[in-house]
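**Student:** Okay, so here is protein_24.txt, and as you'll see once you scroll down, it has compact mmCIF, N, CA and C atoms.
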```
# COMPACT_ATOMS: atom_id res chain seq x y z
N MET A 15 -232.63 15.04 214.81
CA MET A 15 -231.31 15.60 215.06
C MET A 15 -230.36 14.52 215.56
N ALA A 16 -230.86 13.65 216.46
CA ALA A 16 -230.01 12.58 216.99
C ALA A 16 -229.63 11.59 215.89
N ALA A 17 -230.56 11.40 214.94
CA ALA A 17 -230.27 10.49 213.82
C ALA A 17 -229.13 11.05 212.96
N LEU A 18 -229.12 12.36 212.75
CA LEU A 18 -228.05 13.00 211.97
C LEU A 18 -226.72 12.89 212.71
N GLN A 19 -226.76 13.06 214.02
CA GLN A 19 -225.52 12.93 214.82
C GLN A 19 -224.98 11.51 214.72
N ALA A 20 -225.86 10.51 214.76
CA ALA A 20 -225.44 9.11 214.65
C ALA A 20 -224.86 8.84 213.27
N ARG A 21 -225.51 9.39 212.23
CA ARG A 21 -224.99 9.23 210.86
C ARG A 21 -223.61 9.89 210.73
N LEU A 22 -223.50 11.06 211.34
CA LEU A 22 -222.22 11.78 211.30
C LEU A 22 -221.12 10.96 211.98
N GLN A 23 -221.43 10.39 213.12
CA GLN A 23 -220.45 9.58 213.85
C GLN A 23 -220.05 8.35 213.04
N ALA A 24 -221.03 7.66 212.44
CA ALA A 24 -220.74 6.46 211.65
C ALA A 24 -219.90 6.81 210.42
N ALA A 25 -220.28 7.88 209.73
CA ALA A 25 -219.54 8.29 208.54
C ALA A 25 -218.13 8.73 208.90
N SER A 26 -217.99 9.38 210.03
CA SER A 26 -216.67 9.82 210.48
C SER A 26 -215.77 8.62 210.79
N THR A 27 -216.33 7.62 211.42
CA THR A 27 -215.57 6.41 211.73
C THR A 27 -215.14 5.70 210.44
N GLU A 28 -216.07 5.61 209.48
CA GLU A 28 -215.74 4.99 208.20
C GLU A 28 -214.64 5.77 207.48
N TYR A 29 -214.74 7.09 207.53
CA TYR A 29 -213.74 7.94 206.87
C TYR A 29 -212.36 7.72 207.50
N GLN A 30 -212.32 7.62 208.82
CA GLN A 30 -211.04 7.39 209.50
C GLN A 30 -210.45 6.03 209.12
N SER A 31 -211.29 5.01 209.00
CA SER A 31 -210.78 3.69 208.63
C SER A 31 -210.27 3.70 207.19
N ILE A 32 -210.96 4.42 206.31
CA ILE A 32 -210.50 4.53 204.92
C ILE A 32 -209.15 5.24 204.88
N GLN A 33 -209.00 6.29 205.68
CA GLN A 33 -207.73 7.03 205.72
C GLN A 33 -206.60 6.15 206.24
N ALA A 34 -206.88 5.31 207.24
CA ALA A 34 -205.86 4.41 207.78
C ALA A 34 -205.45 3.38 206.72
N GLU A 35 -206.45 2.85 206.01
CA GLU A 35 -206.16 1.89 204.94
C GLU A 35 -205.37 2.55 203.82
N LEU A 36 -205.73 3.77 203.49
CA LEU A 36 -205.02 4.52 202.46
C LEU A 36 -203.56 4.73 202.86
N SER A 37 -203.33 5.04 204.11
CA SER A 37 -201.97 5.24 204.61
C SER A 37 -201.16 3.95 204.50
N ALA A 38 -201.77 2.82 204.82
CA ALA A 38 -201.07 1.53 204.73
C ALA A 38 -200.72 1.21 203.28
N VAL A 39 -201.63 1.52 202.36
CA VAL A 39 -201.37 1.25 200.94
C VAL A 39 -200.27 2.17 200.41
N VAL A 40 -200.24 3.40 200.87
CA VAL A 40 -199.18 4.33 200.47
C VAL A 40 -197.82 3.81 200.95
N ASP A 41 -197.77 3.29 202.19
CA ASP A 41 -196.54 2.71 202.71
C ASP A 41 -196.09 1.53 201.85
N ALA A 42 -197.04 0.68 201.48
CA ALA A 42 -196.73 -0.48 200.63
C ALA A 42 -196.18 -0.01 199.28
N ARG A 43 -196.76 1.04 198.73
CA ARG A 43 -196.31 1.57 197.44
C ARG A 43 -194.88 2.09 197.55
N GLN A 44 -194.56 2.75 198.65
CA GLN A 44 -193.21 3.27 198.84
C GLN A 44 -192.19 2.14 198.96
N LYS A 45 -192.56 1.07 199.65
CA LYS A 45 -191.67 -0.10 199.78
C LYS A 45 -191.44 -0.74 198.42
N LEU A 46 -192.51 -0.83 197.63
CA LEU A 46 -192.37 -1.41 196.29
C LEU A 46 -191.47 -0.54 195.42
N ASP A 47 -191.58 0.78 195.55
CA ASP A 47 -190.70 1.68 194.79
C ASP A 47 -189.24 1.45 195.17
N ALA A 48 -188.98 1.28 196.46
CA ALA A 48 -187.61 1.04 196.92
C ALA A 48 -187.09 -0.29 196.36
N GLN A 49 -187.93 -1.32 196.39
CA GLN A 49 -187.53 -2.63 195.87
C GLN A 49 -187.28 -2.54 194.37
N LEU A 50 -188.13 -1.80 193.66
CA LEU A 50 -187.97 -1.65 192.22
C LEU A 50 -186.63 -0.98 191.91
N SER A 51 -186.31 0.10 192.61
CA SER A 51 -185.05 0.80 192.38
C SER A 51 -183.85 -0.11 192.64
N GLU A 52 -183.92 -0.84 193.74
CA GLU A 52 -182.82 -1.74 194.10
C GLU A 52 -182.63 -2.83 193.04
N ASN A 53 -183.71 -3.42 192.59
CA ASN A 53 -183.60 -4.48 191.60
C ASN A 53 -183.19 -3.96 190.23
N GLU A 54 -183.61 -2.75 189.88
CA GLU A 54 -183.16 -2.15 188.62
C GLU A 54 -181.66 -1.88 188.68
N LEU A 55 -181.16 -1.48 189.83
CA LEU A 55 -179.73 -1.27 190.02
C LEU A 55 -178.97 -2.59 189.83
N VAL A 56 -179.49 -3.66 190.41
CA VAL A 56 -178.87 -4.98 190.25
C VAL A 56 -178.89 -5.39 188.78
N GLN A 57 -179.99 -5.13 188.10
CA GLN A 57 -180.10 -5.48 186.69
C GLN A 57 -179.05 -4.72 185.86
N LYS A 58 -178.82 -3.44 186.19
CA LYS A 58 -177.80 -2.66 185.48
C LYS A 58 -176.41 -3.23 185.74
N GLU A 59 -176.17 -3.65 186.98
CA GLU A 59 -174.87 -4.26 187.30
C GLU A 59 -174.67 -5.55 186.52
N PHE A 60 -175.72 -6.35 186.41
CA PHE A 60 -175.62 -7.59 185.64
C PHE A 60 -175.32 -7.31 184.17
N ALA A 61 -175.85 -6.22 183.64
CA ALA A 61 -175.64 -5.87 182.25
C ALA A 61 -174.17 -5.55 181.98
N SER A 62 -173.48 -5.07 183.01
CA SER A 62 -172.07 -4.72 182.81
C SER A 62 -171.13 -5.89 183.06
N LEU A 63 -171.64 -7.04 183.48
CA LEU A 63 -170.79 -8.21 183.73
C LEU A 63 -170.42 -8.91 182.43
N SER A 64 -169.22 -9.49 182.42
CA SER A 64 -168.84 -10.34 181.29
C SER A 64 -169.19 -11.78 181.65
N ALA A 65 -169.13 -12.66 180.67
CA ALA A 65 -169.54 -14.06 180.87
C ALA A 65 -168.66 -14.78 181.89
N ASP A 66 -167.40 -14.34 182.05
CA ASP A 66 -166.50 -15.04 182.97
C ASP A 66 -166.55 -14.51 184.41
N ASN A 67 -167.38 -13.48 184.67
CA ASN A 67 -167.53 -12.98 186.04
C ASN A 67 -168.31 -13.98 186.88
N THR A 68 -167.97 -14.03 188.16
CA THR A 68 -168.66 -14.94 189.07
C THR A 68 -169.69 -14.16 189.86
N VAL A 69 -170.87 -14.78 190.02
CA VAL A 69 -171.96 -14.17 190.77
C VAL A 69 -172.19 -15.01 192.03
N TYR A 70 -172.36 -14.32 193.16
CA TYR A 70 -172.61 -15.00 194.43
C TYR A 70 -173.96 -14.56 194.98
N LYS A 71 -174.58 -15.48 195.69
CA LYS A 71 -175.87 -15.21 196.32
C LYS A 71 -175.69 -15.39 197.82
N LEU A 72 -176.25 -14.45 198.59
CA LEU A 72 -176.14 -14.52 200.04
C LEU A 72 -177.28 -15.39 200.58
N LEU A 73 -176.90 -16.51 201.19
CA LEU A 73 -177.86 -17.40 201.84
C LEU A 73 -177.51 -17.45 203.31
N GLY A 74 -178.27 -16.71 204.12
CA GLY A 74 -177.94 -16.62 205.54
C GLY A 74 -176.60 -15.92 205.67
N PRO A 75 -175.67 -16.52 206.40
CA PRO A 75 -174.36 -15.89 206.58
C PRO A 75 -173.33 -16.34 205.52
N VAL A 76 -173.78 -17.10 204.52
CA VAL A 76 -172.85 -17.71 203.56
C VAL A 76 -173.08 -17.18 202.15
N LEU A 77 -171.98 -16.91 201.44
CA LEU A 77 -172.06 -16.56 200.03
C LEU A 77 -171.92 -17.84 199.22
N VAL A 78 -172.90 -18.08 198.34
CA VAL A 78 -172.90 -19.29 197.52
C VAL A 78 -172.81 -18.87 196.06
N GLN A 79 -171.94 -19.55 195.31
CA GLN A 79 -171.80 -19.23 193.89
C GLN A 79 -173.09 -19.58 193.17
N GLN A 80 -173.50 -18.69 192.25
CA GLN A 80 -174.73 -18.89 191.51
C GLN A 80 -174.47 -18.70 190.03
N ASP A 81 -175.18 -19.45 189.22
CA ASP A 81 -175.07 -19.31 187.77
C ASP A 81 -175.53 -17.91 187.37
N GLN A 82 -174.74 -17.26 186.52
CA GLN A 82 -175.03 -15.88 186.15
C GLN A 82 -176.37 -15.76 185.43
N ALA A 83 -176.65 -16.68 184.52
CA ALA A 83 -177.92 -16.63 183.78
C ALA A 83 -179.11 -16.82 184.72
N GLU A 84 -178.95 -17.72 185.69
CA GLU A 84 -180.02 -17.95 186.67
C GLU A 84 -180.24 -16.70 187.52
N ALA A 85 -179.16 -16.06 187.92
CA ALA A 85 -179.27 -14.85 188.74
C ALA A 85 -179.97 -13.73 187.96
N LYS A 86 -179.60 -13.58 186.67
CA LYS A 86 -180.25 -12.56 185.84
C LYS A 86 -181.73 -12.86 185.68
N GLN A 87 -182.06 -14.14 185.49
CA GLN A 87 -183.46 -14.53 185.33
C GLN A 87 -184.26 -14.25 186.61
N ASN A 88 -183.64 -14.53 187.76
CA ASN A 88 -184.31 -14.26 189.04
C ASN A 88 -184.62 -12.78 189.20
N VAL A 89 -183.66 -11.93 188.84
CA VAL A 89 -183.87 -10.49 188.97
C VAL A 89 -184.95 -10.02 187.99
N ASP A 90 -184.93 -10.54 186.76
CA ASP A 90 -185.96 -10.16 185.79
C ASP A 90 -187.35 -10.57 186.26
N THR A 91 -187.44 -11.77 186.82
CA THR A 91 -188.72 -12.25 187.35
C THR A 91 -189.18 -11.39 188.51
N ARG A 92 -188.25 -11.05 189.39
CA ARG A 92 -188.57 -10.21 190.54
C ARG A 92 -189.05 -8.83 190.09
N LEU A 93 -188.39 -8.27 189.08
CA LEU A 93 -188.80 -6.96 188.55
C LEU A 93 -190.22 -7.02 187.98
N ALA A 94 -190.52 -8.09 187.23
CA ALA A 94 -191.86 -8.23 186.66
C ALA A 94 -192.90 -8.32 187.77
N PHE A 95 -192.59 -9.08 188.81
CA PHE A 95 -193.51 -9.21 189.94
C PHE A 95 -193.72 -7.88 190.64
N ILE A 96 -192.63 -7.16 190.89
CA ILE A 96 -192.73 -5.87 191.58
C ILE A 96 -193.56 -4.89 190.76
N ARG A 97 -193.36 -4.88 189.45
CA ARG A 97 -194.13 -3.97 188.59
C ARG A 97 -195.62 -4.32 188.61
N SER A 98 -195.93 -5.62 188.61
CA SER A 98 -197.34 -6.01 188.66
C SER A 98 -197.95 -5.62 190.02
N GLU A 99 -197.18 -5.76 191.09
CA GLU A 99 -197.65 -5.36 192.41
C GLU A 99 -197.87 -3.84 192.48
N ILE A 100 -196.98 -3.09 191.84
CA ILE A 100 -197.14 -1.63 191.82
C ILE A 100 -198.44 -1.27 191.10
N ASN A 101 -198.73 -1.95 189.99
CA ASN A 101 -199.98 -1.68 189.27
C ASN A 101 -201.19 -2.01 190.14
N ARG A 102 -201.13 -3.13 190.87
CA ARG A 102 -202.22 -3.53 191.74
C ARG A 102 -202.43 -2.49 192.86
N VAL A 103 -201.32 -2.05 193.46
CA VAL A 103 -201.39 -1.08 194.55
C VAL A 103 -201.88 0.28 194.03
N GLU A 104 -201.49 0.64 192.83
CA GLU A 104 -201.98 1.89 192.23
C GLU A 104 -203.50 1.84 192.09
N GLY A 105 -204.03 0.69 191.68
CA GLY A 105 -205.48 0.52 191.59
C GLY A 105 -206.14 0.67 192.95
N GLN A 106 -205.53 0.09 193.96
CA GLN A 106 -206.06 0.22 195.33
C GLN A 106 -206.05 1.69 195.76
N LEU A 107 -204.95 2.38 195.46
CA LEU A 107 -204.86 3.80 195.83
C LEU A 107 -205.97 4.61 195.17
N LYS A 108 -206.22 4.33 193.90
CA LYS A 108 -207.28 5.05 193.19
C LYS A 108 -208.63 4.76 193.81
N ASP A 109 -208.91 3.48 194.07
CA ASP A 109 -210.20 3.12 194.67
C ASP A 109 -210.38 3.76 196.05
N LEU A 110 -209.34 3.68 196.86
CA LEU A 110 -209.43 4.25 198.21
C LEU A 110 -209.55 5.77 198.16
N GLY A 111 -208.87 6.39 197.21
CA GLY A 111 -208.98 7.85 197.04
C GLY A 111 -210.41 8.24 196.67
N ASP A 112 -211.02 7.45 195.77
CA ASP A 112 -212.40 7.71 195.38
C ASP A 112 -213.34 7.52 196.58
N LYS A 113 -213.15 6.42 197.32
CA LYS A 113 -213.97 6.16 198.51
C LYS A 113 -213.84 7.30 199.51
N SER A 114 -212.59 7.74 199.72
CA SER A 114 -212.33 8.80 200.67
C SER A 114 -213.04 10.09 200.26
N ASP A 115 -212.97 10.43 198.98
CA ASP A 115 -213.63 11.64 198.49
C ASP A 115 -215.14 11.57 198.67
N LYS A 116 -215.73 10.39 198.37
CA LYS A 116 -217.18 10.24 198.53
C LYS A 116 -217.58 10.37 200.00
N LYS A 117 -216.79 9.75 200.87
CA LYS A 117 -217.11 9.79 202.29
C LYS A 117 -216.96 11.21 202.83
N LYS A 118 -215.92 11.92 202.35
CA LYS A 118 -215.72 13.31 202.78
C LYS A 118 -216.91 14.17 202.35
N HIS A 119 -217.38 13.95 201.12
CA HIS A 119 -218.53 14.69 200.62
C HIS A 119 -219.77 14.38 201.47
N GLU A 120 -219.94 13.11 201.82
CA GLU A 120 -221.07 12.71 202.67
C GLU A 120 -220.99 13.39 204.04
N LEU A 121 -219.78 13.45 204.60
CA LEU A 121 -219.60 14.13 205.89
C LEU A 121 -219.98 15.60 205.82
N VAL A 122 -219.58 16.26 204.76
CA VAL A 122 -219.89 17.68 204.59
C VAL A 122 -221.40 17.86 204.48
N GLU A 123 -222.08 16.97 203.74
CA GLU A 123 -223.54 17.07 203.60
C GLU A 123 -224.23 16.89 204.95
N ILE A 124 -223.78 15.91 205.73
CA ILE A 124 -224.38 15.66 207.05
C ILE A 124 -224.16 16.85 207.97
N GLN A 125 -222.94 17.39 207.95
CA GLN A 125 -222.64 18.55 208.80
C GLN A 125 -223.50 19.75 208.39
N ALA A 126 -223.70 19.93 207.10
CA ALA A 126 -224.53 21.04 206.62
C ALA A 126 -225.98 20.84 207.09
N ALA A 127 -226.46 19.60 207.03
CA ALA A 127 -227.82 19.33 207.47
C ALA A 127 -227.96 19.57 208.97
N ILE A 128 -226.96 19.21 209.73
CA ILE A 128 -226.98 19.45 211.17
C ILE A 128 -227.00 20.96 211.47
N GLN A 129 -226.18 21.72 210.73
CA GLN A 129 -226.12 23.16 210.94
C GLN A 129 -227.44 23.82 210.54
N GLN A 130 -228.06 23.33 209.48
CA GLN A 130 -229.35 23.89 209.06
C GLN A 130 -230.43 23.58 210.09
N GLY A 131 -230.34 22.37 210.68
CA GLY A 131 -231.30 22.00 211.70
C GLY A 131 -231.09 22.79 212.97
N ALA A 132 -229.85 23.14 213.28
CA ALA A 132 -229.54 23.88 214.49
C ALA A 132 -229.88 25.36 214.35
N ALA A 133 -229.79 25.90 213.14
CA ALA A 133 -230.06 27.32 212.92
C ALA A 133 -231.51 27.68 213.24
N PRO A 134 -232.53 26.93 212.74
CA PRO A 134 -233.91 27.28 213.08
C PRO A 134 -234.21 27.08 214.57
N ALA A 135 -233.55 26.10 215.20
CA ALA A 135 -233.78 25.86 216.61
C ALA A 135 -233.24 27.03 217.45
N ALA A 136 -232.19 27.65 216.99
CA ALA A 136 -231.59 28.78 217.72
C ALA A 136 -232.44 30.05 217.59
N ALA A 137 -233.18 30.13 216.46
CA ALA A 137 -233.96 31.34 216.20
C ALA A 137 -235.23 31.44 216.97
```
Give the structure from the file, written as structure tokens.
**Tutor:**
Amino acid sequence: MAALQARLQAASTEYQSIQAELSAVVDARQKLDAQLSENELVQKEFASLSADNTVYKLLGPVLVQQDQAEAKQNVDTRLAFIRSEINRVEGQLKDLGDKSDKKKHELVEIQAAIQQGAAPAAA
């Protein structure tokens, strides 16, 4: 019985750590979504610019003129990076979700074994 209690405690601790990790990955995914939306908005704005428009980049407290083609390339590169990070984080979410489900199932099995062991002792 004590061995089952120890297993239950260990599995519960592992489950809590998986849930904490899952929460952190969900936060990262939300930040990436926000960055993706912001950069897609910038890309749409660039699409509406004419060749003679001036583009500025904020460096610290100073606005510095930037080549329009270079600015568009930077945004395109950033979008590609963000999308690849979203795919990576989605994979992490899937893996952690699977781990969480397995651990939850293990916890239920241990609890059932403890209850079965306690039922004959009570009788």
**Student:** So how many Å separate atom N of Lys108 in chain A and CA of Leu36 in chain A, to one decimal?
**Tutor:**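 So the two atoms, atom N of Lys108 in chain A and CA of Leu36 in chain A, lie 8.6 Å apart.
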**Student:** Separation of atom N of Val78 in chain A and atom C of Leu93 in chain A, in Å?
**Tutor:**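 Separation of atom N of Val78 in chain A and atom C of Leu93 in chain A: 23.0 Å.
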**Student:** When DSSP is applied to the backbone of this structure, which of range 16-117 of chain A are assigned alpha helix (DSSP H)? Write them out as number ranges by chain.
**Tutor:** A: 16-61, 82-117
**Student:** Set the distance at 7 Å and use only C-alpha atoms: which residues neighbour range 16-21 of chain A once local chain neighbours fewer than 2 positions away are removed? I'd like the list as a list in words.
**Tutor:**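 Listing them by chain and then by number gives Gln23, Ala24, Ala25, Ile124 and Ile128 of chain A.
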**Student:** Quick one: which range 75-128 of chain A residues come within 8 Å of range 44-61 of chain A, and what is the nearest atom pair for each with the distance in Å to one decimal, counting only N, CA and C atoms, rows ordered by chain and ascending number, as a Markdown table?
**Tutor:**
```
| residue | atom | partner | partner_atom | distance |
| --- | --- | --- | --- | --- |
| A:Ala85 | C | A:Phe60 | CA | 7.9 |
| A:Lys86 | CA | A:Phe60 | CA | 6.8 |
| A:Val89 | CA | A:Asn53 | CA | 6.6 |
| A:Asp90 | N | A:Gln57 | CA | 7.0 |
| A:Arg92 | C | A:Asn53 | CA | 7.1 |
| A:Leu93 | CA | A:Leu50 | CA | 6.5 |
| A:Ile96 | CA | A:Leu50 | CA | 6.4 |
| A:Arg97 | N | A:Leu50 | CA | 6.9 |
| A:Glu99 | C | A:Leu46 | CA | 7.1 |
| A:Ile100 | CA | A:Leu46 | CA | 6.5 |
```
**Student:** Residues of range 24-136 of chain A classed as strand (DSSP E or B) by DSSP on the backbone are to be reported as a ChimeraX atom specification.
**Tutor:** /A:69-73,76-80
**Student:** Please determine, counting all atoms listed in the file, which residue among A:Val103, A:Ala83, A:Leu73, A:Ala132 has the shortest atom-to-atom distance to Arg43 in chain A.
**Tutor:**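 For Arg43 in chain A, the nearest of the given residues is A:Val103.
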**Student:** Rounded to one decimal in Å, what is the spacing between atom C of Ser37 in chain A and atom C of Ser114 in chain A?
**Tutor:**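 Going from atom C of Ser37 in chain A over to atom C of Ser114 in chain A, I get 14.0 Å.
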**Student:** Residues near Gln79 in chain A, anyone? I mean within 6 Å using all atoms listed in the file, not counting same-chain ones fewer than 2 positions away, as a ChimeraX atom specification.
**Tutor:** /A:69-71,77,81
**Student:** Which polymer residues have any atom within 12 Å of an atom of Ile32 in chain A, counting only C-alpha atoms, with same-chain residues fewer than 4 positions away left out, as a ChimeraX atom specification?
**Tutor:** /A:25-28,36-39,106-107,109-118
**Student:** Which is closest to Gly105 in chain A among A:Val40, A:Glu123, A:Ala65, A:Gly131, if we use only C-alpha atoms?
**Tutor:**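 Nearest candidate to Gly105 in chain A out of A:Val40, A:Glu123, A:Ala65, A:Gly131: A:Val40.
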